[in-house]
$ cat run.pdb   # PDB, C-alpha atoms
ATOM      1  CA  THR A   1     -33.941 -53.529  26.856
ATOM      2  CA  GLN A   2     -31.536 -54.739  24.208
ATOM      3  CA  LEU A   3     -29.614 -57.862  25.088
ATOM      4  CA  LEU A   4     -26.368 -58.937  23.501
ATOM      5  CA  GLU A   5     -25.458 -62.569  23.897
ATOM      6  CA  GLN A   6     -21.878 -63.565  23.253
ATOM      7  CA  SER A   7     -20.645 -67.064  22.552
ATOM      8  CA  PRO A   8     -18.776 -68.944  23.601
ATOM      9  CA  GLN A   9     -18.588 -67.647  27.156
ATOM     10  CA  PHE A  10     -15.144 -69.196  27.634
ATOM     11  CA  LEU A  11     -12.612 -70.297  25.022
ATOM     12  CA  SER A  12      -9.190 -71.784  25.551
ATOM     13  CA  ILE A  13      -7.060 -72.675  22.544
ATOM     14  CA  GLN A  14      -3.462 -73.283  21.573
ATOM     15  CA  GLU A  15      -1.241 -70.588  20.163
ATOM     16  CA  GLY A  16      -1.417 -70.519  16.379
ATOM     17  CA  GLU A  17      -5.007 -71.709  16.079
ATOM     18  CA  ASN A  18      -7.866 -69.694  14.578
ATOM     19  CA  LEU A  19     -11.045 -68.814  16.423
ATOM     20  CA  THR A  20     -14.332 -66.990  16.014
ATOM     21  CA  VAL A  21     -16.492 -65.451  18.704
ATOM     22  CA  TYR A  22     -20.031 -64.281  18.184
ATOM     23  CA  CYS A  23     -22.271 -61.489  19.355
ATOM     24  CA  ASN A  24     -26.014 -61.866  18.780
ATOM     25  CA  SER A  25     -29.119 -59.862  19.503
ATOM     26  CA  SER A  26     -32.745 -59.682  18.476
ATOM     27  CA  SER A  27     -32.434 -55.894  18.314
ATOM     28  CA  VAL A  28     -31.071 -53.726  15.526
ATOM     29  CA  PHE A  29     -28.116 -51.518  16.360
ATOM     30  CA  SER A  30     -26.987 -48.390  14.579
ATOM     31  CA  SER A  31     -23.391 -49.342  15.312
ATOM     32  CA  LEU A  32     -21.490 -52.022  17.146
ATOM     33  CA  GLN A  33     -18.167 -51.887  18.902
ATOM     34  CA  TRP A  34     -15.713 -54.515  20.091
ATOM     35  CA  TYR A  35     -13.557 -54.070  23.169
ATOM     36  CA  ARG A  36     -10.817 -56.128  24.813
ATOM     37  CA  GLN A  37     -10.334 -56.035  28.544
ATOM     38  CA  GLU A  38      -7.267 -57.271  30.401
ATOM     39  CA  PRO A  39      -7.212 -58.086  34.116
ATOM     40  CA  GLY A  40      -7.183 -55.012  36.327
ATOM     41  CA  GLU A  41      -7.898 -52.623  33.468
ATOM     42  CA  GLY A  42     -10.867 -51.113  31.713
ATOM     43  CA  PRO A  43     -12.072 -52.267  28.294
ATOM     44  CA  VAL A  44     -10.144 -50.892  25.327
ATOM     45  CA  LEU A  45     -11.891 -50.147  22.049
ATOM     46  CA  LEU A  46     -10.767 -52.310  19.127
ATOM     47  CA  VAL A  47     -13.161 -51.350  16.343
ATOM     48  CA  THR A  48     -16.503 -49.775  15.465
ATOM     49  CA  VAL A  49     -18.694 -51.103  12.660
ATOM     50  CA  VAL A  50     -21.661 -49.101  11.408
ATOM     51  CA  THR A  51     -22.851 -50.539   8.103
ATOM     52  CA  GLY A  52     -24.699 -53.830   7.686
ATOM     53  CA  GLY A  53     -22.359 -56.364   6.125
ATOM     54  CA  GLU A  54     -19.297 -54.281   6.947
ATOM     55  CA  VAL A  55     -15.996 -56.091   7.432
ATOM     56  CA  LYS A  56     -13.025 -54.501   9.168
ATOM     57  CA  LYS A  57      -9.577 -55.941   9.650
ATOM     58  CA  LEU A  58      -7.144 -55.074  12.389
ATOM     59  CA  LYS A  59      -3.970 -57.094  11.762
ATOM     60  CA  ARG A  60      -4.976 -60.685  12.621
ATOM     61  CA  LEU A  61      -8.455 -59.683  13.800
ATOM     62  CA  THR A  62     -11.410 -59.560  11.415
ATOM     63  CA  PHE A  63     -14.697 -58.025  12.505
ATOM     64  CA  GLN A  64     -17.981 -58.401  10.666
ATOM     65  CA  PHE A  65     -21.312 -56.698  11.209
ATOM     66  CA  GLY A  66     -24.343 -58.713  10.161
ATOM     67  CA  ASP A  67     -26.398 -57.568   7.193
ATOM     68  CA  ALA A  68     -29.382 -56.893   9.436
ATOM     69  CA  ARG A  69     -27.181 -55.128  12.025
ATOM     70  CA  LYS A  70     -28.299 -57.530  14.752
ATOM     71  CA  ASP A  71     -25.149 -59.595  15.095
ATOM     72  CA  SER A  72     -21.404 -59.490  14.733
ATOM     73  CA  SER A  73     -18.417 -61.779  14.756
ATOM     74  CA  LEU A  74     -14.753 -61.501  15.601
ATOM     75  CA  HIS A  75     -12.306 -63.866  13.931
ATOM     76  CA  ILE A  76      -8.718 -64.166  15.101
ATOM     77  CA  THR A  77      -6.147 -65.807  12.867
ATOM     78  CA  ALA A  78      -3.074 -67.500  14.332
ATOM     79  CA  ALA A  79      -3.910 -66.582  17.914
ATOM     80  CA  GLN A  80      -1.088 -65.404  20.155
ATOM     81  CA  PRO A  81      -0.809 -65.275  23.965
ATOM     82  CA  GLY A  82      -1.167 -61.501  23.766
ATOM     83  CA  ASP A  83      -4.712 -62.003  22.472
ATOM     84  CA  THR A  84      -5.755 -63.362  25.863
ATOM     85  CA  GLY A  85      -8.460 -61.274  27.488
ATOM     86  CA  LEU A  86     -12.159 -60.614  27.841
ATOM     87  CA  TYR A  87     -13.759 -59.636  24.541
ATOM     88  CA  LEU A  88     -16.877 -57.514  24.764
ATOM     89  CA  CYS A  89     -19.232 -56.403  22.050
ATOM     90  CA  ALA A  90     -21.356 -53.334  22.610
ATOM     91  CA  GLY A  91     -24.268 -52.036  20.591
ATOM     92  CA  ALA A  92     -25.555 -48.497  20.205
ATOM     93  CA  ALA A  93     -29.276 -48.211  19.615
ATOM     94  CA  SER A  94     -29.479 -44.512  18.942
ATOM     95  CA  ASN A  95     -29.280 -43.024  15.492
ATOM     96  CA  PHE A  96     -28.489 -39.650  16.923
ATOM     97  CA  GLY A  97     -24.976 -40.211  18.075
ATOM     98  CA  ASN A  98     -23.169 -41.829  20.916
ATOM     99  CA  GLU A  99     -25.821 -42.222  23.563
ATOM    100  CA  LYS A 100     -25.495 -45.308  25.669
ATOM    101  CA  LEU A 101     -23.982 -48.639  24.736
ATOM    102  CA  THR A 102     -25.379 -51.994  25.737
ATOM    103  CA  PHE A 103     -22.544 -54.390  26.477
ATOM    104  CA  GLY A 104     -22.596 -58.083  25.744
ATOM    105  CA  THR A 105     -21.995 -60.865  28.206
ATOM    106  CA  GLY A 106     -18.370 -61.272  27.098
ATOM    107  CA  THR A 107     -16.108 -64.051  25.839
ATOM    108  CA  ARG A 108     -13.139 -64.870  28.038
ATOM    109  CA  LEU A 109     -10.341 -66.005  25.719
ATOM    110  CA  THR A 110      -7.195 -67.782  26.845
ATOM    111  CA  ILE A 111      -4.396 -68.544  24.404
ATOM    112  CA  ILE A 112      -2.081 -71.276  25.617
ATOM    113  CA  PRO A 113       1.562 -70.886  24.555
TER     114      PRO A 113
ATOM    115  CA  ASP B   1      -3.560 -37.055  27.270
ATOM    116  CA  ALA B   2      -3.490 -39.137  30.445
ATOM    117  CA  GLY B   3      -6.750 -40.836  29.605
ATOM    118  CA  VAL B   4      -9.671 -41.240  31.966
ATOM    119  CA  ILE B   5      -8.447 -41.076  35.533
ATOM    120  CA  GLN B   6     -10.288 -42.786  38.354
ATOM    121  CA  SER B   7      -9.580 -42.737  42.059
ATOM    122  CA  PRO B   8      -9.129 -44.577  44.245
ATOM    123  CA  ARG B   9      -8.006 -47.776  42.493
ATOM    124  CA  HIS B  10      -9.071 -49.880  45.436
ATOM    125  CA  GLU B  11     -11.495 -49.139  48.248
ATOM    126  CA  VAL B  12     -12.347 -51.351  51.189
ATOM    127  CA  THR B  13     -15.038 -50.089  53.492
ATOM    128  CA  GLU B  14     -17.400 -51.326  56.137
ATOM    129  CA  MET B  15     -21.075 -51.799  55.531
ATOM    130  CA  GLY B  16     -22.988 -48.610  56.234
ATOM    131  CA  GLN B  17     -20.141 -46.262  55.376
ATOM    132  CA  GLU B  18     -20.277 -43.655  52.644
ATOM    133  CA  VAL B  19     -18.121 -44.281  49.585
ATOM    134  CA  THR B  20     -17.170 -41.697  46.959
ATOM    135  CA  LEU B  21     -15.621 -42.659  43.664
ATOM    136  CA  ARG B  22     -14.008 -40.026  41.463
ATOM    137  CA  CYS B  23     -13.463 -39.621  37.746
ATOM    138  CA  LYS B  24     -11.639 -37.168  35.524
ATOM    139  CA  PRO B  25     -12.694 -37.620  31.883
ATOM    140  CA  ILE B  26     -10.612 -36.884  28.833
ATOM    141  CA  SER B  27     -10.530 -33.182  28.093
ATOM    142  CA  GLY B  28     -12.966 -32.262  25.331
ATOM    143  CA  HIS B  29     -15.130 -35.343  25.668
ATOM    144  CA  ASP B  30     -18.792 -34.462  26.012
ATOM    145  CA  TYR B  31     -20.142 -37.751  27.391
ATOM    146  CA  LEU B  32     -19.344 -39.403  30.704
ATOM    147  CA  PHE B  33     -20.568 -42.836  31.766
ATOM    148  CA  TRP B  34     -20.490 -44.766  35.029
ATOM    149  CA  TYR B  35     -20.518 -48.557  34.758
ATOM    150  CA  ARG B  36     -20.403 -51.360  37.303
ATOM    151  CA  GLN B  37     -18.855 -54.732  36.471
ATOM    152  CA  THR B  38     -19.397 -58.009  38.279
ATOM    153  CA  MET B  39     -18.833 -61.595  37.250
ATOM    154  CA  MET B  40     -22.536 -62.346  37.489
ATOM    155  CA  ARG B  41     -23.964 -59.340  35.692
ATOM    156  CA  GLY B  42     -21.138 -58.134  33.471
ATOM    157  CA  LEU B  43     -20.917 -54.425  32.624
ATOM    158  CA  GLU B  44     -23.987 -52.495  33.707
ATOM    159  CA  LEU B  45     -24.587 -48.844  32.876
ATOM    160  CA  LEU B  46     -25.479 -46.876  35.978
ATOM    161  CA  ILE B  47     -25.787 -43.323  34.669
ATOM    162  CA  TYR B  48     -24.470 -41.103  31.918
ATOM    163  CA  PHE B  49     -24.014 -37.392  31.389
ATOM    164  CA  ASN B  50     -23.886 -35.241  28.282
ATOM    165  CA  ASN B  51     -22.239 -31.844  28.672
ATOM    166  CA  ASN B  52     -22.383 -32.289  32.471
ATOM    167  CA  VAL B  53     -26.144 -32.923  32.465
ATOM    168  CA  PRO B  54     -27.463 -36.313  33.635
ATOM    169  CA  ILE B  55     -29.307 -37.905  30.721
ATOM    170  CA  ASP B  56     -30.243 -41.384  31.914
ATOM    171  CA  ASP B  57     -29.969 -42.664  35.472
ATOM    172  CA  SER B  58     -32.292 -45.627  35.033
ATOM    173  CA  GLY B  59     -29.448 -48.002  35.824
ATOM    174  CA  MET B  60     -28.792 -46.602  39.273
ATOM    175  CA  PRO B  61     -29.732 -49.477  41.599
ATOM    176  CA  GLU B  62     -31.509 -47.459  44.270
ATOM    177  CA  ASP B  63     -31.532 -44.210  46.158
ATOM    178  CA  ARG B  64     -28.334 -45.122  47.943
ATOM    179  CA  PHE B  65     -26.493 -44.305  44.712
ATOM    180  CA  SER B  66     -26.011 -40.773  43.448
ATOM    181  CA  ALA B  67     -23.780 -39.202  40.807
ATOM    182  CA  LYS B  68     -22.778 -35.664  40.054
ATOM    183  CA  MET B  69     -20.821 -33.855  37.390
ATOM    184  CA  PRO B  70     -20.233 -30.311  38.630
ATOM    185  CA  ASN B  71     -18.006 -29.434  35.649
ATOM    186  CA  ALA B  72     -16.607 -30.922  32.466
ATOM    187  CA  SER B  73     -13.514 -32.294  34.148
ATOM    188  CA  PHE B  74     -14.884 -34.059  37.212
ATOM    189  CA  SER B  75     -17.561 -36.508  38.258
ATOM    190  CA  THR B  76     -18.352 -38.434  41.426
ATOM    191  CA  LEU B  77     -20.358 -41.543  42.191
ATOM    192  CA  LYS B  78     -21.462 -41.805  45.799
ATOM    193  CA  ILE B  79     -22.904 -44.747  47.665
ATOM    194  CA  GLN B  80     -24.491 -44.028  51.026
ATOM    195  CA  PRO B  81     -24.887 -46.260  52.947
ATOM    196  CA  SER B  82     -22.798 -48.965  51.305
ATOM    197  CA  GLU B  83     -23.772 -52.641  51.430
ATOM    198  CA  PRO B  84     -21.791 -55.830  50.706
ATOM    199  CA  ARG B  85     -23.763 -56.379  47.476
ATOM    200  CA  ASP B  86     -22.307 -53.127  46.156
ATOM    201  CA  SER B  87     -18.902 -54.821  45.916
ATOM    202  CA  ALA B  88     -17.819 -54.615  42.277
ATOM    203  CA  VAL B  89     -15.457 -52.822  39.933
ATOM    204  CA  TYR B  90     -16.787 -49.401  39.016
ATOM    205  CA  PHE B  91     -15.681 -47.902  35.715
ATOM    206  CA  CYS B  92     -15.921 -44.398  34.417
ATOM    207  CA  ALA B  93     -15.744 -43.840  30.660
ATOM    208  CA  SER B  94     -15.827 -40.770  28.477
ATOM    209  CA  SER B  95     -16.387 -40.248  24.788
ATOM    210  CA  LEU B  96     -16.787 -37.722  22.048
ATOM    211  CA  PHE B  97     -19.912 -37.762  19.900
ATOM    212  CA  LEU B  98     -20.012 -40.823  17.571
ATOM    213  CA  TYR B  99     -16.713 -42.269  18.784
ATOM    214  CA  GLY B 100     -15.952 -45.192  21.082
ATOM    215  CA  TYR B 101     -15.610 -44.997  24.792
ATOM    216  CA  THR B 102     -12.342 -44.562  26.658
ATOM    217  CA  PHE B 103     -12.504 -46.324  29.993
ATOM    218  CA  GLY B 104     -10.587 -45.613  33.148
ATOM    219  CA  SER B 105      -8.785 -48.368  35.014
ATOM    220  CA  GLY B 106     -11.661 -48.743  37.440
ATOM    221  CA  THR B 107     -12.171 -48.679  41.196
ATOM    222  CA  ARG B 108     -12.405 -52.055  42.891
ATOM    223  CA  LEU B 109     -14.853 -51.605  45.753
ATOM    224  CA  THR B 110     -15.130 -54.139  48.542
ATOM    225  CA  VAL B 111     -17.763 -53.629  51.221
ATOM    226  CA  VAL B 112     -17.306 -55.864  54.256
TER     227      VAL B 112
END

$ encode --input "run.pdb" --output "structure tokens"
Amino acid sequence: TQLLEQSPQFLSIQEGENLTVYCNSSSVFSSLQWYRQEPGEGPVLLVTVVTGGEVKKLKRLTFQFGDARKDSSLHITAAQPGDTGLYLCAGAASNFGNEKLTFGTGTRLTIIP
Amino acid sequence: DAGVIQSPRHEVTEMGQEVTLRCKPISGHDYLFWYRQTMMRGLELLIYFNNNVPIDDSGMPEDRFSAKMPNASFSTLKIQPSEPRDSAVYFCASSLFLYGYTFGSGTRLTVV
């Protein structure tokens, strides 16, 4: 069973600050996805990374996949209240396609106006 | 596309009753997943289907849980009999090969 540990579990910061959350595993993943979940809704896909060392940017969000494809990070620049939510990483073990994702434990982010 | 549609949004039932959760995936998606989310255990995969065929049901807690996908546009998750520890938010998600999941809004189940 692959486990994905996310840290920190909770993070509360002021609007305008920068932050980084982490997703770590002892297993290698063929791809890794990041989702954001708001209260009362399902997770929404933000990005998929597939290559070790890959960096993707989505406006103020920067995602990085570790060289060994065991870990990932999400950096948010100048956080805004709209960034508040539960951030989940999810790893795919299969090389054959979608198959099943293992979800991380989540980081609950609160941005204080 | 309306996205993944789940019903009901909320369900409150008494212990011992049968509960049926419903999901309509996105048209054209070939994978369908059922997840359960709790504060203690996070998102847990219960079962998933590929082209309507169950592929992995190792996450189904016990025989009280069953899932079906009679066609490409409909799936059900049934709990019979329900117990208080089944209280959680149940999500259905669908996806197309190699792409990310699209989740429904979930069904919040409370068993009293």

$ atom_distance --input "run.pdb" --atom1 "atom CA of B:Val89" --atom2 "atom CA of B:Thr38"
6.7 Å

$ resolve_selection --input "run.pdb" --expression "the ChimeraX specification (/A :<8) & /B" --output "ChimeraX atom specification"
/B:41-45,48,91,95-106

$ residues_around --input "run.pdb" --residues "B:Ser7" --least-positions-apart "4" --cutoff "7 Å" --atoms "all atoms listed in the file" --output "number ranges by chain"
B: 21-23, 107

$ resolve_selection --input "run.pdb" --expression "the PyMOL selection byres ((chain A and resi 73-87) around 8)" --output "JSON, numbers by chain"
{"A": [14, 15, 16, 17, 18, 19, 20, 21, 22, 23, 34, 35, 36, 37, 38, 39, 60, 61, 62, 63, 64, 65, 71, 72, 88, 89, 106, 107, 108, 109, 110, 111, 112, 113]}

$ closest_residue --input "run.pdb" --among "A:Ala68, A:Val49, A:Ile13, A:Val55" --to "A:Ser26" --atoms "only C-alpha atoms"
A:Ala68

$ atom_distance --input "run.pdb" --atom1 "atom CA of B:Pro84" --atom2 "atom CA of A:Phe10"
27.5 Å

$ resolve_selection --input "run.pdb" --expression "the PyMOL selection byres ((chain B and resi 24) around 12)" --output "MDAnalysis selection string"
chainID B and resid 1:8 21:23 25:29 31:34 69:77 91:94 102:106

$ closest_residue --input "run.pdb" --among "B:Ser82, B:Ser87, B:Asn52, B:Thr110" --to "B:Ala67" --atoms "all atoms listed in the file"
B:Asn52

$ closest_residue --input "run.pdb" --among "B:Arg108, B:Pro54, B:Glu18, B:Glu11" --to "B:Tyr90" --atoms "all atoms listed in the file"
B:Arg108

$ atom_distance --input "run.pdb" --atom1 "atom CA of B:Val111" --atom2 "atom CA of B:Val53"
29.2 Å
